[in-house]
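Asker: My structure is stored as entry.cif, with mmCIF, C-alpha atoms and all ligand atoms.
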```
data_data
#
loop_
_atom_site.group_PDB
_atom_site.id
_atom_site.type_symbol
_atom_site.label_atom_id
_atom_site.label_comp_id
_atom_site.auth_asym_id
_atom_site.auth_seq_id
_atom_site.Cartn_x
_atom_site.Cartn_y
_atom_site.Cartn_z
ATOM 1 C CA MET A 16 6.919 5.599 -28.383
ATOM 2 C CA ALA A 17 6.973 9.335 -29.116
ATOM 3 C CA ASP A 18 3.317 9.102 -30.170
ATOM 4 C CA GLN A 19 2.455 7.405 -26.924
ATOM 5 C CA ALA A 20 4.228 10.092 -24.901
ATOM 6 C CA GLU A 21 2.421 12.830 -26.815
ATOM 7 C CA ARG A 22 -0.936 11.136 -26.308
ATOM 8 C CA LEU A 23 -0.268 10.914 -22.599
ATOM 9 C CA ARG A 24 0.684 14.596 -22.427
ATOM 10 C CA GLU A 25 -2.576 15.471 -24.144
ATOM 11 C CA ILE A 26 -4.555 13.364 -21.689
ATOM 12 C CA VAL A 27 -2.774 14.878 -18.713
ATOM 13 C CA ARG A 28 -3.186 18.461 -19.832
ATOM 14 C CA GLY A 29 -6.199 19.863 -18.031
ATOM 15 C CA ASN A 30 -7.362 16.465 -16.784
ATOM 16 C CA LYS A 31 -10.499 17.820 -15.173
ATOM 17 C CA TYR A 32 -14.203 17.138 -15.193
ATOM 18 C CA PRO A 33 -15.947 18.323 -18.375
ATOM 19 C CA ASN A 34 -17.241 21.450 -16.613
ATOM 20 C CA ASN A 35 -13.602 22.336 -15.856
ATOM 21 C CA GLN A 36 -13.870 21.410 -12.188
ATOM 22 C CA THR A 37 -10.970 19.764 -10.422
ATOM 23 C CA ARG A 38 -11.377 15.989 -10.178
ATOM 24 C CA VAL A 39 -11.916 15.080 -6.532
ATOM 25 C CA ILE A 40 -11.155 11.495 -5.597
ATOM 26 C CA ALA A 41 -11.723 10.131 -2.083
ATOM 27 C CA VAL A 42 -9.669 7.086 -1.077
ATOM 28 C CA THR A 43 -11.408 4.879 1.457
ATOM 29 C CA SER A 44 -11.792 1.278 2.679
ATOM 30 C CA GLY A 45 -13.882 -0.937 4.907
ATOM 31 C CA LYS A 46 -11.098 -2.579 6.876
ATOM 32 C CA GLY A 47 -8.263 -0.472 8.287
ATOM 33 C CA GLY A 48 -4.605 -0.865 7.386
ATOM 34 C CA VAL A 49 -5.227 -2.060 3.835
ATOM 35 C CA GLY A 50 -2.950 0.584 2.302
ATOM 36 C CA LYS A 51 -5.090 3.704 1.693
ATOM 37 C CA THR A 52 -2.480 6.208 2.815
ATOM 38 C CA ASN A 53 0.373 4.575 0.911
ATOM 39 C CA CYS A 54 -1.849 4.372 -2.133
ATOM 40 C CA SER A 55 -2.935 8.045 -1.861
ATOM 41 C CA VAL A 56 0.575 9.422 -1.357
ATOM 42 C CA ASN A 57 2.239 7.346 -4.077
ATOM 43 C CA LEU A 58 -0.626 7.783 -6.533
ATOM 44 C CA GLY A 59 -0.304 11.527 -5.999
ATOM 45 C CA ILE A 60 3.413 11.376 -6.741
ATOM 46 C CA ALA A 61 2.821 9.161 -9.812
ATOM 47 C CA LEU A 62 0.253 11.664 -11.139
ATOM 48 C CA ALA A 63 2.647 14.552 -10.539
ATOM 49 C CA LYS A 64 5.421 12.677 -12.360
ATOM 50 C CA LEU A 65 3.102 12.205 -15.342
ATOM 51 C CA GLY A 66 2.601 15.958 -15.473
ATOM 52 C CA ALA A 67 -0.788 16.327 -13.751
ATOM 53 C CA ARG A 68 -1.158 18.866 -10.954
ATOM 54 C CA PRO A 69 -2.422 16.885 -7.964
ATOM 55 C CA LEU A 70 -3.249 18.101 -4.463
ATOM 56 C CA LEU A 71 -3.316 15.530 -1.665
ATOM 57 C CA VAL A 72 -5.596 16.238 1.275
ATOM 58 C CA ASP A 73 -5.298 14.218 4.469
ATOM 59 C CA ALA A 74 -8.832 13.922 5.786
ATOM 60 C CA ASP A 75 -8.151 11.078 8.185
ATOM 61 C CA LEU A 76 -9.285 12.851 11.312
ATOM 62 C CA GLY A 77 -8.299 10.113 13.715
ATOM 63 C CA LEU A 78 -4.894 8.883 12.600
ATOM 64 C CA ALA A 79 -3.469 11.352 10.139
ATOM 65 C CA ASN A 80 -0.386 9.769 8.584
ATOM 66 C CA VAL A 81 0.213 11.389 5.227
ATOM 67 C CA ASP A 82 2.856 13.640 6.782
ATOM 68 C CA VAL A 83 4.469 10.641 8.516
ATOM 69 C CA ILE A 84 4.811 8.654 5.286
ATOM 70 C CA LEU A 85 6.284 11.721 3.621
ATOM 71 C CA GLY A 86 8.565 12.514 6.544
ATOM 72 C CA MET A 87 7.192 16.059 6.699
ATOM 73 C CA MET A 88 5.995 18.120 9.640
ATOM 74 C CA PRO A 89 3.731 20.843 8.293
ATOM 75 C CA GLN A 90 3.236 23.647 10.785
ATOM 76 C CA TYR A 91 -0.356 24.337 9.748
ATOM 77 C CA ASN A 92 -3.153 22.056 8.591
ATOM 78 C CA LEU A 93 -6.754 21.835 7.480
ATOM 79 C CA GLY A 94 -7.846 22.370 11.087
ATOM 80 C CA HIS A 95 -6.341 25.870 11.114
ATOM 81 C CA VAL A 96 -8.306 26.732 7.958
ATOM 82 C CA ILE A 97 -11.584 25.576 9.441
ATOM 83 C CA LEU A 98 -10.945 27.487 12.634
ATOM 84 C CA GLY A 99 -10.423 30.571 10.474
ATOM 85 C CA GLU A 100 -6.799 30.977 11.594
ATOM 86 C CA LYS A 101 -5.169 30.325 8.215
ATOM 87 C CA ARG A 102 -6.073 30.591 4.544
ATOM 88 C CA ILE A 103 -6.076 27.381 2.462
ATOM 89 C CA SER A 104 -3.085 28.588 0.458
ATOM 90 C CA ASP A 105 -1.117 29.045 3.734
ATOM 91 C CA VAL A 106 -1.492 25.384 4.700
ATOM 92 C CA ILE A 107 -0.525 23.836 1.342
ATOM 93 C CA VAL A 108 2.982 22.430 1.554
ATOM 94 C CA ASN A 109 5.197 21.265 -1.293
ATOM 95 C CA GLY A 110 5.974 17.572 -1.235
ATOM 96 C CA PRO A 111 8.139 15.398 -3.504
ATOM 97 C CA ALA A 112 7.914 15.532 -7.317
ATOM 98 C CA GLY A 113 5.671 18.598 -7.163
ATOM 99 C CA LEU A 114 2.887 16.931 -5.181
ATOM 100 C CA ARG A 115 1.162 19.538 -2.997
ATOM 101 C CA ILE A 116 -0.245 18.474 0.349
ATOM 102 C CA ILE A 117 -2.707 19.650 2.965
ATOM 103 C CA ALA A 118 -2.190 17.912 6.309
ATOM 104 C CA SER A 119 -5.035 16.888 8.569
ATOM 105 C CA GLY A 120 -5.841 18.470 11.912
ATOM 106 C CA SER A 121 -8.278 18.009 14.722
ATOM 107 C CA GLY A 122 -10.205 21.200 13.910
ATOM 108 C CA VAL A 123 -11.662 19.441 10.883
ATOM 109 C CA TYR A 124 -14.434 18.210 13.167
ATOM 110 C CA LYS A 125 -15.653 21.800 13.319
ATOM 111 C CA LEU A 126 -16.347 21.956 9.583
ATOM 112 C CA ALA A 127 -20.070 21.983 10.325
ATOM 113 C CA ASN A 128 -19.719 25.159 12.385
ATOM 114 C CA LEU A 129 -17.742 27.153 9.859
ATOM 115 C CA ASN A 130 -18.789 30.789 10.194
ATOM 116 C CA GLU A 131 -20.007 32.715 7.156
ATOM 117 C CA LYS A 132 -16.869 34.811 6.789
ATOM 118 C CA THR A 133 -14.524 31.801 6.874
ATOM 119 C CA LEU A 134 -16.831 29.910 4.530
ATOM 120 C CA GLU A 135 -16.806 32.741 2.015
ATOM 121 C CA GLN A 136 -13.016 32.933 2.264
ATOM 122 C CA CYS A 137 -12.648 29.151 1.757
ATOM 123 C CA LEU A 138 -14.877 29.188 -1.313
ATOM 124 C CA GLN A 139 -12.866 32.012 -2.842
ATOM 125 C CA ASP A 140 -9.555 30.311 -2.045
ATOM 126 C CA LEU A 141 -10.771 27.000 -3.411
ATOM 127 C CA ASN A 142 -11.795 28.610 -6.684
ATOM 128 C CA GLU A 143 -8.276 29.983 -6.939
ATOM 129 C CA ILE A 144 -6.718 26.597 -6.132
ATOM 130 C CA GLU A 145 -8.921 24.842 -8.718
ATOM 131 C CA LYS A 146 -7.217 26.908 -11.417
ATOM 132 C CA TYR A 147 -3.917 25.134 -10.850
ATOM 133 C CA THR A 148 -5.148 21.774 -9.569
ATOM 134 C CA ASP A 149 -6.245 18.981 -11.894
ATOM 135 C CA ILE A 150 -6.884 16.273 -9.331
ATOM 136 C CA MET A 151 -7.523 16.388 -5.599
ATOM 137 C CA ILE A 152 -6.905 13.130 -3.744
ATOM 138 C CA ILE A 153 -8.487 12.817 -0.317
ATOM 139 C CA ASP A 154 -7.098 10.192 2.026
ATOM 140 C CA THR A 155 -9.779 9.196 4.545
ATOM 141 C CA GLY A 156 -10.019 6.908 7.543
ATOM 142 C CA ALA A 157 -11.355 3.345 7.281
ATOM 143 C CA GLY A 158 -14.909 2.197 7.829
ATOM 144 C CA LEU A 159 -17.147 5.068 6.774
ATOM 145 C CA SER A 160 -17.729 6.876 10.036
ATOM 146 C CA LYS A 161 -20.039 9.851 9.585
ATOM 147 C CA SER A 162 -17.238 12.296 8.799
ATOM 148 C CA VAL A 163 -15.564 9.918 6.338
ATOM 149 C CA LEU A 164 -18.872 9.377 4.567
ATOM 150 C CA GLN A 165 -19.312 13.129 4.179
ATOM 151 C CA PHE A 166 -15.948 13.465 2.420
ATOM 152 C CA VAL A 167 -16.653 10.405 0.276
ATOM 153 C CA LEU A 168 -20.103 11.546 -0.826
ATOM 154 C CA ALA A 169 -18.881 15.070 -1.589
ATOM 155 C CA ALA A 170 -16.143 13.701 -3.879
ATOM 156 C CA GLY A 171 -16.624 13.157 -7.601
ATOM 157 C CA GLU A 172 -15.083 9.669 -7.567
ATOM 158 C CA VAL A 173 -14.152 7.137 -4.911
ATOM 159 C CA ILE A 174 -11.313 4.640 -4.733
ATOM 160 C CA VAL A 175 -12.138 1.689 -2.478
ATOM 161 C CA VAL A 176 -8.987 -0.107 -1.376
ATOM 162 C CA THR A 177 -9.071 -3.721 -0.243
ATOM 163 C CA THR A 178 -6.699 -6.647 0.110
ATOM 164 C CA PRO A 179 -7.512 -10.165 -1.159
ATOM 165 C CA GLU A 180 -8.403 -11.304 2.401
ATOM 166 C CA PRO A 181 -12.058 -12.348 2.758
ATOM 167 C CA THR A 182 -12.534 -9.986 5.740
ATOM 168 C CA ALA A 183 -11.224 -6.997 3.770
ATOM 169 C CA ILE A 184 -13.398 -7.914 0.770
ATOM 170 C CA THR A 185 -16.508 -8.253 2.943
ATOM 171 C CA ASP A 186 -15.814 -4.863 4.539
ATOM 172 C CA ALA A 187 -15.144 -3.288 1.123
ATOM 173 C CA TYR A 188 -18.529 -4.562 -0.026
ATOM 174 C CA GLY A 189 -20.078 -2.987 3.087
ATOM 175 C CA VAL A 190 -18.591 0.384 2.134
ATOM 176 C CA ILE A 191 -19.746 0.081 -1.475
ATOM 177 C CA LYS A 192 -23.231 -0.729 -0.215
ATOM 178 C CA VAL A 193 -23.354 2.391 1.972
ATOM 179 C CA ILE A 194 -22.093 4.576 -0.895
ATOM 180 C CA ALA A 195 -24.581 3.067 -3.338
ATOM 181 C CA SER A 196 -27.474 3.581 -0.933
ATOM 182 C CA SER A 197 -26.678 7.319 -0.823
ATOM 183 C CA ASP A 198 -25.549 7.976 -4.389
ATOM 184 C CA LEU A 199 -25.849 5.422 -7.172
ATOM 185 C CA ASN A 200 -24.091 7.742 -9.633
ATOM 186 C CA LEU A 201 -20.842 8.122 -7.722
ATOM 187 C CA PRO A 202 -18.146 6.350 -9.779
ATOM 188 C CA ILE A 203 -16.287 3.763 -7.702
ATOM 189 C CA TRP A 204 -12.791 2.508 -8.514
ATOM 190 C CA LEU A 205 -11.424 -0.658 -6.970
ATOM 191 C CA VAL A 206 -7.833 -1.227 -5.879
ATOM 192 C CA VAL A 207 -6.670 -4.592 -4.582
ATOM 193 C CA ASN A 208 -3.510 -4.135 -2.553
ATOM 194 C CA MET A 209 -0.942 -6.650 -1.287
ATOM 195 C CA VAL A 210 -1.733 -9.301 -3.881
ATOM 196 C CA ARG A 211 0.613 -12.300 -4.065
ATOM 197 C CA ASN A 212 -0.028 -12.758 -7.771
ATOM 198 C CA GLU A 213 -2.242 -11.427 -10.543
ATOM 199 C CA ALA A 214 -4.760 -14.278 -10.226
ATOM 200 C CA GLU A 215 -5.387 -13.373 -6.596
ATOM 201 C CA GLY A 216 -6.083 -9.754 -7.568
ATOM 202 C CA ALA A 217 -8.338 -10.754 -10.451
ATOM 203 C CA GLN A 218 -10.318 -13.076 -8.205
ATOM 204 C CA ALA A 219 -10.935 -10.326 -5.623
ATOM 205 C CA ILE A 220 -12.048 -7.928 -8.359
ATOM 206 C CA GLU A 221 -14.320 -10.561 -9.866
ATOM 207 C CA ARG A 222 -16.011 -11.290 -6.531
ATOM 208 C CA LEU A 223 -16.616 -7.640 -5.702
ATOM 209 C CA THR A 224 -17.771 -6.574 -9.162
ATOM 210 C CA THR A 225 -20.151 -9.513 -9.443
ATOM 211 C CA VAL A 226 -21.905 -9.045 -6.086
ATOM 212 C CA SER A 227 -22.002 -5.250 -6.428
ATOM 213 C CA LYS A 228 -23.624 -5.531 -9.838
ATOM 214 C CA ARG A 229 -26.080 -8.220 -8.809
ATOM 215 C CA PHE A 230 -27.194 -6.923 -5.425
ATOM 216 C CA LEU A 231 -26.584 -3.175 -5.624
ATOM 217 C CA GLY A 232 -26.795 -2.455 -9.334
ATOM 218 C CA VAL A 233 -23.373 -0.777 -9.131
ATOM 219 C CA GLU A 234 -20.731 -1.070 -11.856
ATOM 220 C CA LEU A 235 -17.274 -0.932 -10.310
ATOM 221 C CA ALA A 236 -14.266 0.114 -12.352
ATOM 222 C CA THR A 237 -10.900 -1.526 -11.776
ATOM 223 C CA LEU A 238 -8.065 0.876 -11.079
ATOM 224 C CA GLY A 239 -5.496 -1.865 -10.496
ATOM 225 C CA TYR A 240 -3.716 -4.346 -8.241
ATOM 226 C CA ILE A 241 -0.680 -3.578 -6.132
ATOM 227 C CA PRO A 242 1.591 -6.531 -5.388
ATOM 228 C CA TYR A 243 2.705 -7.314 -1.875
ATOM 229 C CA ASP A 244 6.119 -5.653 -1.942
ATOM 230 C CA PRO A 245 8.509 -5.393 1.034
ATOM 231 C CA ILE A 246 9.667 -2.059 -0.387
ATOM 232 C CA VAL A 247 6.405 -0.506 0.874
ATOM 233 C CA SER A 248 7.037 -1.050 4.572
ATOM 234 C CA LYS A 249 10.716 -0.211 4.097
ATOM 235 C CA ALA A 250 9.681 3.100 2.535
ATOM 236 C CA VAL A 251 7.270 3.794 5.418
ATOM 237 C CA LYS A 252 10.053 3.183 7.945
ATOM 238 C CA GLU A 253 12.433 5.438 6.028
ATOM 239 C CA GLN A 254 9.683 8.072 5.582
ATOM 240 C CA GLN A 255 10.482 8.281 1.894
ATOM 241 C CA PRO A 256 7.604 7.293 -0.474
ATOM 242 C CA PHE A 257 8.519 4.309 -2.681
ATOM 243 C CA MET A 258 7.409 6.242 -5.762
ATOM 244 C CA ILE A 259 10.436 8.464 -5.055
ATOM 245 C CA SER A 260 12.997 6.005 -3.656
ATOM 246 C CA HIS A 261 12.007 2.928 -5.722
ATOM 247 C CA PRO A 262 9.819 3.995 -8.661
ATOM 248 C CA ARG A 263 10.717 0.835 -10.579
ATOM 249 C CA SER A 264 9.793 -1.538 -7.767
ATOM 250 C CA MET A 265 6.765 -3.805 -8.284
ATOM 251 C CA ALA A 266 4.622 -1.460 -6.178
ATOM 252 C CA GLY A 267 6.018 1.579 -8.017
ATOM 253 C CA GLN A 268 5.165 0.160 -11.428
ATOM 254 C CA ALA A 269 1.667 -0.727 -10.253
ATOM 255 C CA LEU A 270 1.040 2.810 -8.983
ATOM 256 C CA ASN A 271 2.359 4.285 -12.217
ATOM 257 C CA GLN A 272 -0.101 2.144 -14.177
ATOM 258 C CA MET A 273 -2.935 3.139 -11.835
ATOM 259 C CA ALA A 274 -2.164 6.827 -12.360
ATOM 260 C CA ARG A 275 -2.322 6.270 -16.129
ATOM 261 C CA ASN A 276 -5.634 4.417 -15.819
ATOM 262 C CA LEU A 277 -7.055 7.269 -13.782
ATOM 263 C CA LEU A 278 -5.927 9.904 -16.250
ATOM 264 C CA SER A 279 -7.261 8.116 -19.308
ATOM 265 C CA ASP A 280 -10.786 7.880 -17.903
ATOM 266 C CA GLY A 281 -12.561 11.145 -18.594
ATOM 267 C CA MET A 282 -16.138 10.048 -17.941
ATOM 268 C CA ALA A 283 -16.234 10.407 -14.178
ATOM 269 C CA GLY A 284 -17.833 13.422 -12.573
ATOM 270 C CA THR A 285 -20.007 14.329 -15.525
ATOM 271 C CA HIS A 286 -23.073 14.316 -13.283
ATOM 272 C CA LEU A 287 -21.741 16.979 -10.919
ATOM 273 C CA THR A 288 -23.264 20.433 -10.949
ATOM 274 C CA THR A 289 -21.899 21.976 -7.741
ATOM 275 C CA SER A 290 -18.293 22.261 -6.551
ATOM 276 C CA PHE A 291 -16.687 19.869 -4.079
ATOM 277 C CA PHE A 292 -16.579 22.407 -1.291
ATOM 278 C CA ASP A 293 -20.255 23.304 -1.747
ATOM 279 C CA ARG A 294 -21.143 19.638 -1.543
ATOM 280 C CA LEU A 295 -18.927 19.110 1.484
ATOM 281 C CA ILE A 296 -20.495 21.968 3.417
ATOM 282 C CA GLU A 297 -23.939 20.721 2.455
ATOM 283 C CA LYS A 298 -23.083 17.219 3.774
ATOM 284 C CA PHE A 299 -21.626 18.520 7.040
ATOM 285 C CA ARG A 300 -24.602 20.782 7.783
HETATM 286 N N1 LIG Y 401 1.633 -3.288 -1.271
HETATM 287 C C1 LIG Y 401 2.099 -3.488 -0.035
HETATM 288 N N2 LIG Y 401 3.051 -4.412 0.204
HETATM 289 C C2 LIG Y 401 3.520 -4.635 1.443
HETATM 290 N N3 LIG Y 401 3.112 -3.972 2.536
HETATM 291 C C3 LIG Y 401 2.171 -3.029 2.373
HETATM 292 C C4 LIG Y 401 1.616 -2.727 1.084
HETATM 293 N N4 LIG Y 401 0.710 -1.727 1.236
HETATM 294 C C5 LIG Y 401 0.697 -1.423 2.552
HETATM 295 N N5 LIG Y 401 1.568 -2.206 3.234
HETATM 296 C C6 LIG Y 401 1.828 -2.176 4.692
HETATM 297 O O1 LIG Y 401 0.618 -1.878 5.374
HETATM 298 C C7 LIG Y 401 0.801 -0.796 6.255
HETATM 299 C C8 LIG Y 401 -0.474 0.034 6.333
HETATM 300 O O2 LIG Y 401 -0.598 0.820 5.162
HETATM 301 P P1 LIG Y 401 -1.380 2.218 5.181
HETATM 302 O O3 LIG Y 401 -0.985 3.023 6.351
HETATM 303 O O4 LIG Y 401 -1.216 2.828 3.840
HETATM 304 O O5 LIG Y 401 -2.867 1.677 5.380
HETATM 305 P P2 LIG Y 401 -4.183 2.530 5.653
HETATM 306 O O6 LIG Y 401 -5.286 1.814 4.952
HETATM 307 O O7 LIG Y 401 -3.968 3.948 5.305
HETATM 308 O O8 LIG Y 401 -4.346 2.371 7.230
HETATM 309 P P3 LIG Y 401 -5.387 3.166 8.180
HETATM 310 O O9 LIG Y 401 -6.712 2.447 8.019
HETATM 311 O O10 LIG Y 401 -4.807 2.988 9.545
HETATM 312 O O11 LIG Y 401 -5.425 4.579 7.717
HETATM 313 C C9 LIG Y 401 2.003 -0.038 5.706
HETATM 314 O O12 LIG Y 401 2.701 0.620 6.713
HETATM 315 C C10 LIG Y 401 2.845 -1.128 5.076
HETATM 316 O O13 LIG Y 401 3.732 -1.653 6.035
HETATM 317 MG MG MG Y 402 -4.281 5.710 6.457
#
```
Represent the structure of the file as structure tokens.

Answerer:
Amino acid sequence: MADQAERLREIVRGNKYPNNQTRVIAVTSGKGGVGKTNCSVNLGIALAKLGARPLLVDADLGLANVDVILGMMPQYNLGHVILGEKRISDVIVNGPAGLRIIASGSGVYKLANLNEKTLEQCLQDLNEIEKYTDIMIIDTGAGLSKSVLQFVLAAGEVIVVTTPEPTAITDAYGVIKVIASSDLNLPIWLVVNMVRNEAEGAQAIERLTTVSKRFLGVELATLGYIPYDPIVSKAVKEQQPFMISHPRSMAGQALNQMARNLLSDGMAGTHLTTSFFDRLIEKFR
């Protein structure tokens, strides 16, 4: 047991890409409402509890809800940074269990028009933030609109969330196809949410991995299943993440296991040569 704990601490310590860059993981889906935001927030908390230093960025430009699920009302957000009104460090707020958060804002649409001075400032600030951030989790909107795709393709890894429903699986495949057509090297993790039992989760994973391999030549990695658990919607209503209020619930245990799976995989991101922000600006321009 002690050995296991020590091994985990070693894995967590400096869990970055081999070139010492912060891991950047975009969470996306084909169908909406499949659980991306709950997954992002609670995964972030699970990672923080394991000793990693995560930063959660809400990049859902339409329906930002990270702050709602956390019951927080940050005064400033990513929009203020892009408009040049605030520095990145000014908009980071402290959430539960040491999870740091950047809320979304409408100004994010203007990322493409960032002026040189603000851009320079952002790059400097991001370099500073990378020093104390192991993993950045980016919660995006559903359905790969242009702006979502830019965040996804700039990331070093992607988590595609689906449910076992055939419509959600079909839409997840659609997203994987778009990602693969732009970047075959981008590692893709699969999460099946709201499963009624393990067999249902395994079946969804099997279907998606098989067709992705056969038709797209993409190897998907399984991050995990999350059971359908009434605690999730209860936690949303109470604006208290279940990883805080009910860490031992079925959903809580699943997220804890997913965080461990993520931390023990060190291979992702090895192909990256530029930083996330550089790639993001490049995509938006
Ligand atoms: N594992 C689960 N068990 C039960 N209910 C769940 C589970 N995961 C999510 N839900 C329910 O689904 C709702 C939608 O979840 P969430 O907001 O995380 O989805 P989303 O993919 O981020 O949606 P959007 O596409 O609108 O951004 C939650 O409010 C919750 O009620
Ligand atoms: Mg959401």

Asker: Please expand the PyMOL selection byres (((not hetatm)) within 8 of (chain Y and resi 401)) into the concrete residues it hits in this file, giving the result as a PyMOL selection string.

Answerer: chain A and resi 43-44+46-55+75+78-80+154-157+176+208-210+241-249+251-252+266

Asker: Selection in question (the file shown): the PyMOL selection byres (((chain A and resi 133) around 10) and not hetatm). Which residues does it include, as a PyMOL selection string?

Answerer: chain A and resi 96-102+129-132+134-139

Asker: Please evaluate the PyMOL selection byres (((chain A and resi 112) around 10) and not hetatm) against the displayed coordinates and give the resulting residues as an NGL selection string.

Answerer: :A and (59-66 or 109-111 or 113-115 or 258-259)

Asker: I need the residue nearest A:Val226 from this list: A:Gly189, A:Gly86, A:Pro69, A:Gly239. Use all atoms listed in the file for the distance.

Answerer: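 Looking at the shortest contact to A:Val226, the residue is A:Gly189.
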
Asker: So, counting all atoms listed in the file, which residue among A:Pro262, A:Thr185, A:Arg211, A:Phe257 is closest to A:Ser227?

Answerer: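 With all atoms listed in the file as the atom set, the closest residue is A:Thr185.
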
Asker: My list of candidates is A:Val81, A:Leu164, A:Gln36, A:Asn30. Which is closest to ligand MG 402 (chain Y) when distances are computed with only C-alpha atoms and all ligand atoms?

Answerer: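 So, comparing all the options, the nearest one is A:Val81.
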
Asker: How far is it from atom CA of A:Ile220 to atom CA of A:Leu295, in Å with one decimal?

Answerer: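 About the pair atom CA of A:Ile220 and atom CA of A:Leu295: they are 29.6 Å apart.
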
Asker: Skipping near chain neighbours, those fewer than 2 positions away, what residues fall within 8 Å of A:Asp186 using only C-alpha atoms, listed as JSON, numbers by chain?

Answerer: {"A": [44, 45, 46, 158, 182, 183, 184, 188, 189, 190]}

Asker: Point out the residue among A:Ser104, A:Ser162, A:Thr224, A:Ser119 with the least atom-to-atom distance to ligand MG 402 (chain Y), counting only C-alpha atoms and all ligand atoms.

Answerer: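 Closest to ligand MG 402 (chain Y) of all the choices is A:Ser119.
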
Asker: Is there a way to get, as a PyMOL selection string, all residues within 10 Å of the point (-0.7, 25.4, -9.7) in file coordinates, counting only C-alpha atoms?

Answerer: chain A and resi 67-70+113+115+143-149

Asker: Nearest to A:Leu270 among A:Leu238, A:Ile191, A:Ala214, A:Val233, with distances taken over only C-alpha atoms: which residue is it?

Answerer: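 Ranking A:Leu238, A:Ile191, A:Ala214, A:Val233 by distance to A:Leu270, first place goes to A:Leu238.
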
Asker: Name the residues in contact with A:Val72 at a cut-off of 8 Å, using only C-alpha atoms, excluding same-chain residues fewer than 2 positions from it; report them as a CSV table (one decimal) with C-alpha atoms, in the frame of the given file.

Answerer:
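After the write, selection_27.csv holds the following:
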```
chain,number,residue,atom,x,y,z
A,70,LEU,CA,-3.2,18.1,-4.5
A,74,ALA,CA,-8.8,13.9,5.8
A,116,ILE,CA,-0.2,18.5,0.3
A,117,ILE,CA,-2.7,19.6,3.0
A,118,ALA,CA,-2.2,17.9,6.3
A,119,SER,CA,-5.0,16.9,8.6
A,151,MET,CA,-7.5,16.4,-5.6
A,152,ILE,CA,-6.9,13.1,-3.7
A,153,ILE,CA,-8.5,12.8,-0.3
A,154,ASP,CA,-7.1,10.2,2.0
```

Asker: Which one of A:Leu76, A:Gly232, A:Val173, A:Asp293 sits closest to ligand MG 402 (chain Y) if you count all atoms listed in the file?

Answerer: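 Looking at the shortest contact to ligand MG 402 (chain Y), the residue is A:Leu76.
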
Asker: Rounded to one decimal place, report the atom CA of A:Leu126-atom CA of A:Phe299 distance in Å.

Answerer: 6.8 Å

Asker: Please indicate the distance in Å from atom CA of A:Ser196 to atom CA of A:Tyr32, rounded to one decimal place.

Answerer: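 Answer for the atom CA of A:Ser196 to atom CA of A:Tyr32 separation: 23.7 Å.
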
Asker: Within 12 Å of A:Glu221, counting only C-alpha atoms, which residues show up once you throw out same-chain ones fewer than 4 positions away? Write them as a ChimeraX atom specification, please.

Answerer: /A:179,184,205,207,214-217,225-228,234-237

Asker: With all atoms of stretch 66-85 of chain A from the file as input, state the centre and edge lengths in Å to one decimal of the axis-aligned box that has 3 Å extra on each side, as AutoDock Vina command-line options.

Answerer:
```
--center_x -1.5 --center_y 13.8 --center_z -0.9 --size_x 21.6 --size_y 16.2 --size_z 35.2
```
